[in-house]
Amino acid sequence: MKKLGILINGILKENPVLVLVLGTCPTLAISTQASNAIGMGLAATVVLLGSNIAISALRKIIPDKVRIPCYIVLIAGFVTIVQMLVQAFAPALNESLGIYLPLIVVNCIILGRAEMFANKNTVLDSALDGIGMGLGFTLTLFVMASIREILGSGTWFGMEIPVLIDNNISIMTLAPGGFFVFGCLIALVNKISKGKAIKKTEFGCEGCPSAAACGKLKSANCGKESEV
Amino acid sequence: MSNVKNDFVKPILVLTLICLFITAALAFTNQKTAPIIIEAERVKAEQARKDVLPEADSFTLTQLSGLPATVTEVYRADNGAGYVFMLTTKGYGGDMKLICGIDKDGLITQCNTLSQSETKGLGTKTTLPEFRDQFVGKDSSLSGVQTISGATVSSKPYINAIKDAFTAYEIAKGAE
Amino acid sequence: MEGLIHLDFKGLIVLLMSAVFVNNYVLQKFLGICPFLGVSKKLDQATGMSIAVIFVMLLATAVTWPIQYYLLNPNNLGYLQTIVFILVIAALVQLVEIILKKYIPSLHSALGVYLPLITTNCAVLGVTILNISTKYDFVSSMVNSFGSGLGFFLAMVLFSGVRSRMEGGETPKAFEGLPITLVAASIVSVSFFGFTGVIENLFK
């Protein structure tokens, strides 16, 4: 039962995008088409699963001092492997994801989970956490992309929707629409949970991979994370 | 002594080993996927050329001098059906990459957009059949080809690039 | 180097201006959103962070460009790009921090706190990878990085102004905090559309 909890945790209670507010860049950039969102989400999930397993398996071997460089190397390795596989077997997806595919490396969700979960838990738990978080990321991307694609292009997965196709609001697929829909989604989560789900109404460094270095940042935005 | 070992040797050793292992894994994956990627790109490029010049069987890249700046590559159909021109021009939002096929009689067979970053709903109309089909069968005068109202900054360079393709076509014919 | 984009002086200015206004990293390309939302609350912090980003972007490009063209490409190791670049950037940031701390403590106290955050700033890795994938030559790459950094600076400073005005306003309960910030970012982003098409035609 506890295992199931870990899996579901990432999808709902600690949804990486809407509750932890991690990985905002790809969320905003890729969510113009539902199919891209699924592709991006799955690529990140594979990387997250791989890196979580590897890091938790090596958690007793990696010295504390060099843990961040080690994590970065491991994550970059997985990202590059995923990138090559996508290039080889789904070139169209590679084209639409573009620069955001290699940028999974600096996606805070992945390094964040390594710091917060994988280096403290067993391989199985970490794997479940990776899948849960990855699915949470994918699901949110998918919801956001669906809203933007349906309103902005009048299509869904490329299928034309009658009436909407002729009355599309193109700005939804452009940058401002991304910010707007994302803001509204977070507000919705706020509303539904009556403010309980959002751990931080302000954008902080919770789960931010640089939190360790952030101890010094008391003066700036990361005061909360000072116990490092 | 054990302090030195724990503080310096172990971190360096672990990091180096991880780097080596990851690099080996990447090299292995690269070795497996690289041929597939190259093949997929070749097939895709070949298909794009076939799309605009269906009568051709296969293509050869020809080296020509004095081409207009917009014309990046010229391919000759091996069976003499015509030429395919790769064009890069500046649109409204950045580079537009176009491909245009011209047959042996000097008439456009088809043109297509390979990549663009125009404004959605306006400049992107240049990719639609309504716009690009008006080039089909035209000669170098391009008579009757209209720009898109509301998207002239995207459609004008498009038309100019096609005109450059004809300049390149003459050069290619002359070099035969 | 063959096949690289080489720009003349006018071309470089257009590149710089479009990197700042049209292809703004934060508002149009969605790179570096985390610091944009996190550190844009006060003007002095926004400025400090942006200057650190410009500095690291320039330095990272100056180091990664030669690595790609003189080390990785000749040895057919292009696929190591991501892993090498992120390590180089992480090491560079550490190095800069140590040097600043030792030799220019005043600058370190001003910028030092922002430096560690930059390692995982996707704008820095993004600009180095984009410079390679768009095939800019060295000078164009540096100009592009500088422009991207300036664009980041502009967005941060503008947005910190918007946010300081927002503090006084009343927002619906559910929109308080991050959501209203994002909606404001959306409006700032709309304003940047005004520049599209202007820059390139300005120098014709």
# chains A, B, ... in the order shown; residues from 1 in each chain; ligands from 1

$ interface_residues --of "chain B" --to "chain A" --cutoff "12 Å" --atoms "only C-alpha atoms" --output "short mmCIF file (atom, residue, chain, number, x, y, z; two decimals) with N, CA and C atoms, in the first residue's frame"
data_model
loop_
_atom_site.label_atom_id
_atom_site.label_comp_id
_atom_site.auth_asym_id
_atom_site.auth_seq_id
_atom_site.Cartn_x
_atom_site.Cartn_y
_atom_site.Cartn_z
N LYS B 5 42.54 9.78 1.96
CA LYS B 5 41.90 8.83 1.07
C LYS B 5 40.41 9.14 0.92
N ASN B 6 39.78 9.41 2.06
CA ASN B 6 38.33 9.65 2.02
C ASN B 6 37.98 10.99 1.41
N ASP B 7 38.84 11.98 1.68
CA ASP B 7 38.52 13.34 1.23
C ASP B 7 38.83 13.57 -0.23
N PHE B 8 39.89 12.95 -0.72
CA PHE B 8 40.32 13.27 -2.08
C PHE B 8 40.22 12.09 -3.02
N VAL B 9 40.80 10.96 -2.63
CA VAL B 9 40.90 9.85 -3.57
C VAL B 9 39.53 9.31 -3.93
N LYS B 10 38.69 9.10 -2.92
CA LYS B 10 37.40 8.45 -3.19
C LYS B 10 36.49 9.30 -4.10
N PRO B 11 36.30 10.60 -3.76
CA PRO B 11 35.45 11.40 -4.66
C PRO B 11 35.95 11.41 -6.09
N ILE B 12 37.27 11.60 -6.26
CA ILE B 12 37.82 11.68 -7.61
C ILE B 12 37.62 10.35 -8.34
N LEU B 13 37.89 9.27 -7.61
CA LEU B 13 37.79 7.95 -8.21
C LEU B 13 36.35 7.67 -8.64
N VAL B 14 35.40 7.94 -7.74
CA VAL B 14 34.00 7.65 -8.04
C VAL B 14 33.52 8.48 -9.23
N LEU B 15 33.84 9.77 -9.19
CA LEU B 15 33.40 10.65 -10.29
C LEU B 15 33.99 10.20 -11.62
N THR B 16 35.29 9.85 -11.59
CA THR B 16 35.94 9.40 -12.82
C THR B 16 35.30 8.12 -13.34
N LEU B 17 35.04 7.20 -12.42
CA LEU B 17 34.44 5.93 -12.84
C LEU B 17 33.06 6.15 -13.45
N ILE B 18 32.28 7.01 -12.81
CA ILE B 18 30.94 7.28 -13.35
C ILE B 18 31.04 7.90 -14.73
N CYS B 19 31.96 8.87 -14.88
CA CYS B 19 32.16 9.51 -16.19
C CYS B 19 32.53 8.46 -17.24
N LEU B 20 33.47 7.60 -16.89
CA LEU B 20 33.93 6.58 -17.84
C LEU B 20 32.79 5.67 -18.23
N PHE B 21 32.02 5.25 -17.22
CA PHE B 21 30.95 4.31 -17.48
C PHE B 21 29.88 4.94 -18.39
N ILE B 22 29.52 6.20 -18.06
CA ILE B 22 28.49 6.88 -18.85
C ILE B 22 28.97 7.09 -20.29
N THR B 23 30.24 7.51 -20.43
CA THR B 23 30.79 7.73 -21.77
C THR B 23 30.75 6.43 -22.58
N ALA B 24 31.11 5.33 -21.92
CA ALA B 24 31.08 4.04 -22.62
C ALA B 24 29.66 3.71 -23.06
N ALA B 25 28.70 3.96 -22.15
CA ALA B 25 27.29 3.67 -22.49
C ALA B 25 26.85 4.53 -23.67
N LEU B 26 27.28 5.80 -23.68
CA LEU B 26 26.90 6.69 -24.77
C LEU B 26 27.52 6.25 -26.08
N ALA B 27 28.79 5.87 -26.02
CA ALA B 27 29.48 5.45 -27.22
C ALA B 27 28.77 4.24 -27.83
N PHE B 28 28.36 3.33 -26.95
CA PHE B 28 27.67 2.13 -27.40
C PHE B 28 26.34 2.49 -28.08
N THR B 29 25.54 3.35 -27.39
CA THR B 29 24.25 3.74 -27.96
C THR B 29 24.44 4.48 -29.28
N ASN B 30 25.45 5.35 -29.30
CA ASN B 30 25.71 6.12 -30.52
C ASN B 30 26.04 5.20 -31.68
N GLN B 31 26.87 4.19 -31.38
CA GLN B 31 27.27 3.24 -32.42
C GLN B 31 26.05 2.53 -33.00
N LYS B 32 25.08 2.22 -32.11
CA LYS B 32 23.88 1.51 -32.56
C LYS B 32 22.93 2.44 -33.33
N THR B 33 22.78 3.71 -32.82
CA THR B 33 21.74 4.56 -33.40
C THR B 33 22.21 5.42 -34.56
N ALA B 34 23.53 5.76 -34.60
CA ALA B 34 24.01 6.70 -35.62
C ALA B 34 23.63 6.29 -37.04
N PRO B 35 23.85 5.02 -37.44
CA PRO B 35 23.48 4.64 -38.81
C PRO B 35 21.98 4.81 -39.07
N ILE B 36 21.16 4.50 -38.06
CA ILE B 36 19.71 4.63 -38.24
C ILE B 36 19.34 6.10 -38.45
N ILE B 37 19.98 6.98 -37.64
CA ILE B 37 19.68 8.41 -37.75
C ILE B 37 20.06 8.94 -39.13
N ILE B 38 21.26 8.58 -39.58
CA ILE B 38 21.72 9.05 -40.89
C ILE B 38 20.80 8.56 -42.00
N GLU B 39 20.43 7.27 -41.91
CA GLU B 39 19.57 6.69 -42.92
C GLU B 39 18.20 7.39 -42.93
N ALA B 40 17.66 7.64 -41.71
CA ALA B 40 16.35 8.27 -41.61
C ALA B 40 16.39 9.67 -42.21
N GLU B 41 17.49 10.41 -41.95
CA GLU B 41 17.61 11.76 -42.51
C GLU B 41 17.71 11.72 -44.03
N ARG B 42 18.48 10.72 -44.53
CA ARG B 42 18.65 10.61 -45.97
C ARG B 42 17.30 10.31 -46.64
N VAL B 43 16.57 9.36 -46.06
CA VAL B 43 15.27 9.00 -46.62
C VAL B 43 14.33 10.21 -46.62
N LYS B 44 14.38 10.98 -45.51
CA LYS B 44 13.49 12.11 -45.38
C LYS B 44 13.81 13.19 -46.43
N LEU B 114 9.96 23.72 -45.72
CA LEU B 114 10.60 22.69 -44.89
C LEU B 114 10.59 23.10 -43.43
N SER B 115 10.91 24.38 -43.16
CA SER B 115 10.83 24.85 -41.78
C SER B 115 10.61 26.34 -41.80
N GLN B 116 9.90 26.85 -40.78
CA GLN B 116 9.63 28.28 -40.70
C GLN B 116 9.29 28.64 -39.26
N SER B 117 9.35 29.91 -38.95
CA SER B 117 8.96 30.33 -37.60
C SER B 117 8.10 31.59 -37.72
N GLU B 118 7.14 31.52 -38.63
CA GLU B 118 6.27 32.67 -38.86
C GLU B 118 5.16 32.74 -37.81
N THR B 119 4.46 33.86 -37.79
CA THR B 119 3.36 34.03 -36.84
C THR B 119 2.25 33.05 -37.16
N LYS B 120 1.78 32.34 -36.13
CA LYS B 120 0.72 31.36 -36.34
C LYS B 120 -0.54 32.06 -36.83
N GLY B 121 -1.15 31.50 -37.87
CA GLY B 121 -2.41 32.04 -38.35
C GLY B 121 -2.24 33.09 -39.43
N LEU B 122 -1.03 33.70 -39.52
CA LEU B 122 -0.81 34.69 -40.58
C LEU B 122 0.28 34.21 -41.53
N THR B 124 2.04 31.64 -41.30
CA THR B 124 2.01 30.20 -41.53
C THR B 124 1.11 29.84 -42.71
#

$ closest_atom_pairs --of "chain C" --to "chain A" --cutoff "6 Å" --atoms "only C-alpha atoms" --output "Markdown table"
| residue | atom | partner | partner_atom | distance |
| --- | --- | --- | --- | --- |
| C:Gln28 | CA | A:Ala175 | CA | 5.5 |
| C:Phe30 | CA | A:Cys25 | CA | 5.3 |
| C:Leu31 | CA | A:Cys25 | CA | 5.7 |
| C:Ile33 | CA | A:Cys25 | CA | 5.7 |
| C:Gly38 | CA | A:Phe203 | CA | 5.4 |
| C:Ile83 | CA | A:Ala76 | CA | 5.0 |
| C:Val113 | CA | A:Leu217 | CA | 5.6 |
| C:Leu117 | CA | A:Ser210 | CA | 5.7 |
| C:Thr120 | CA | A:Val106 | CA | 5.1 |
| C:Cys122 | CA | A:Val106 | CA | 5.8 |
| C:Ala174 | CA | A:Ala187 | CA | 5.0 |
| C:Phe175 | CA | A:Ala187 | CA | 5.0 |
| C:Gly177 | CA | A:Thr201 | CA | 4.9 |
| C:Leu178 | CA | A:Glu202 | CA | 5.8 |
| C:Pro179 | CA | A:Gly183 | CA | 4.0 |
| C:Leu182 | CA | A:Gly183 | CA | 5.0 |
| C:Val183 | CA | A:Phe180 | CA | 4.8 |
| C:Ser186 | CA | A:Pro176 | CA | 4.1 |
| C:Ser189 | CA | A:Pro176 | CA | 5.4 |
| C:Val190 | CA | A:Pro176 | CA | 5.8 |

$ interface_residues --of "chain C" --to "chain B" --cutoff "12 Å" --atoms "only C-alpha atoms" --output "PyMOL selection string"
chain C and resi 3+14-15+18-19+21-23+28+76-84+87+134+193-201+204

$ closest_residue --among "A:Leu124, A:Ile109, A:Leu93, A:Leu18" --to "A:Lys2" --atoms "only C-alpha atoms"
A:Leu124
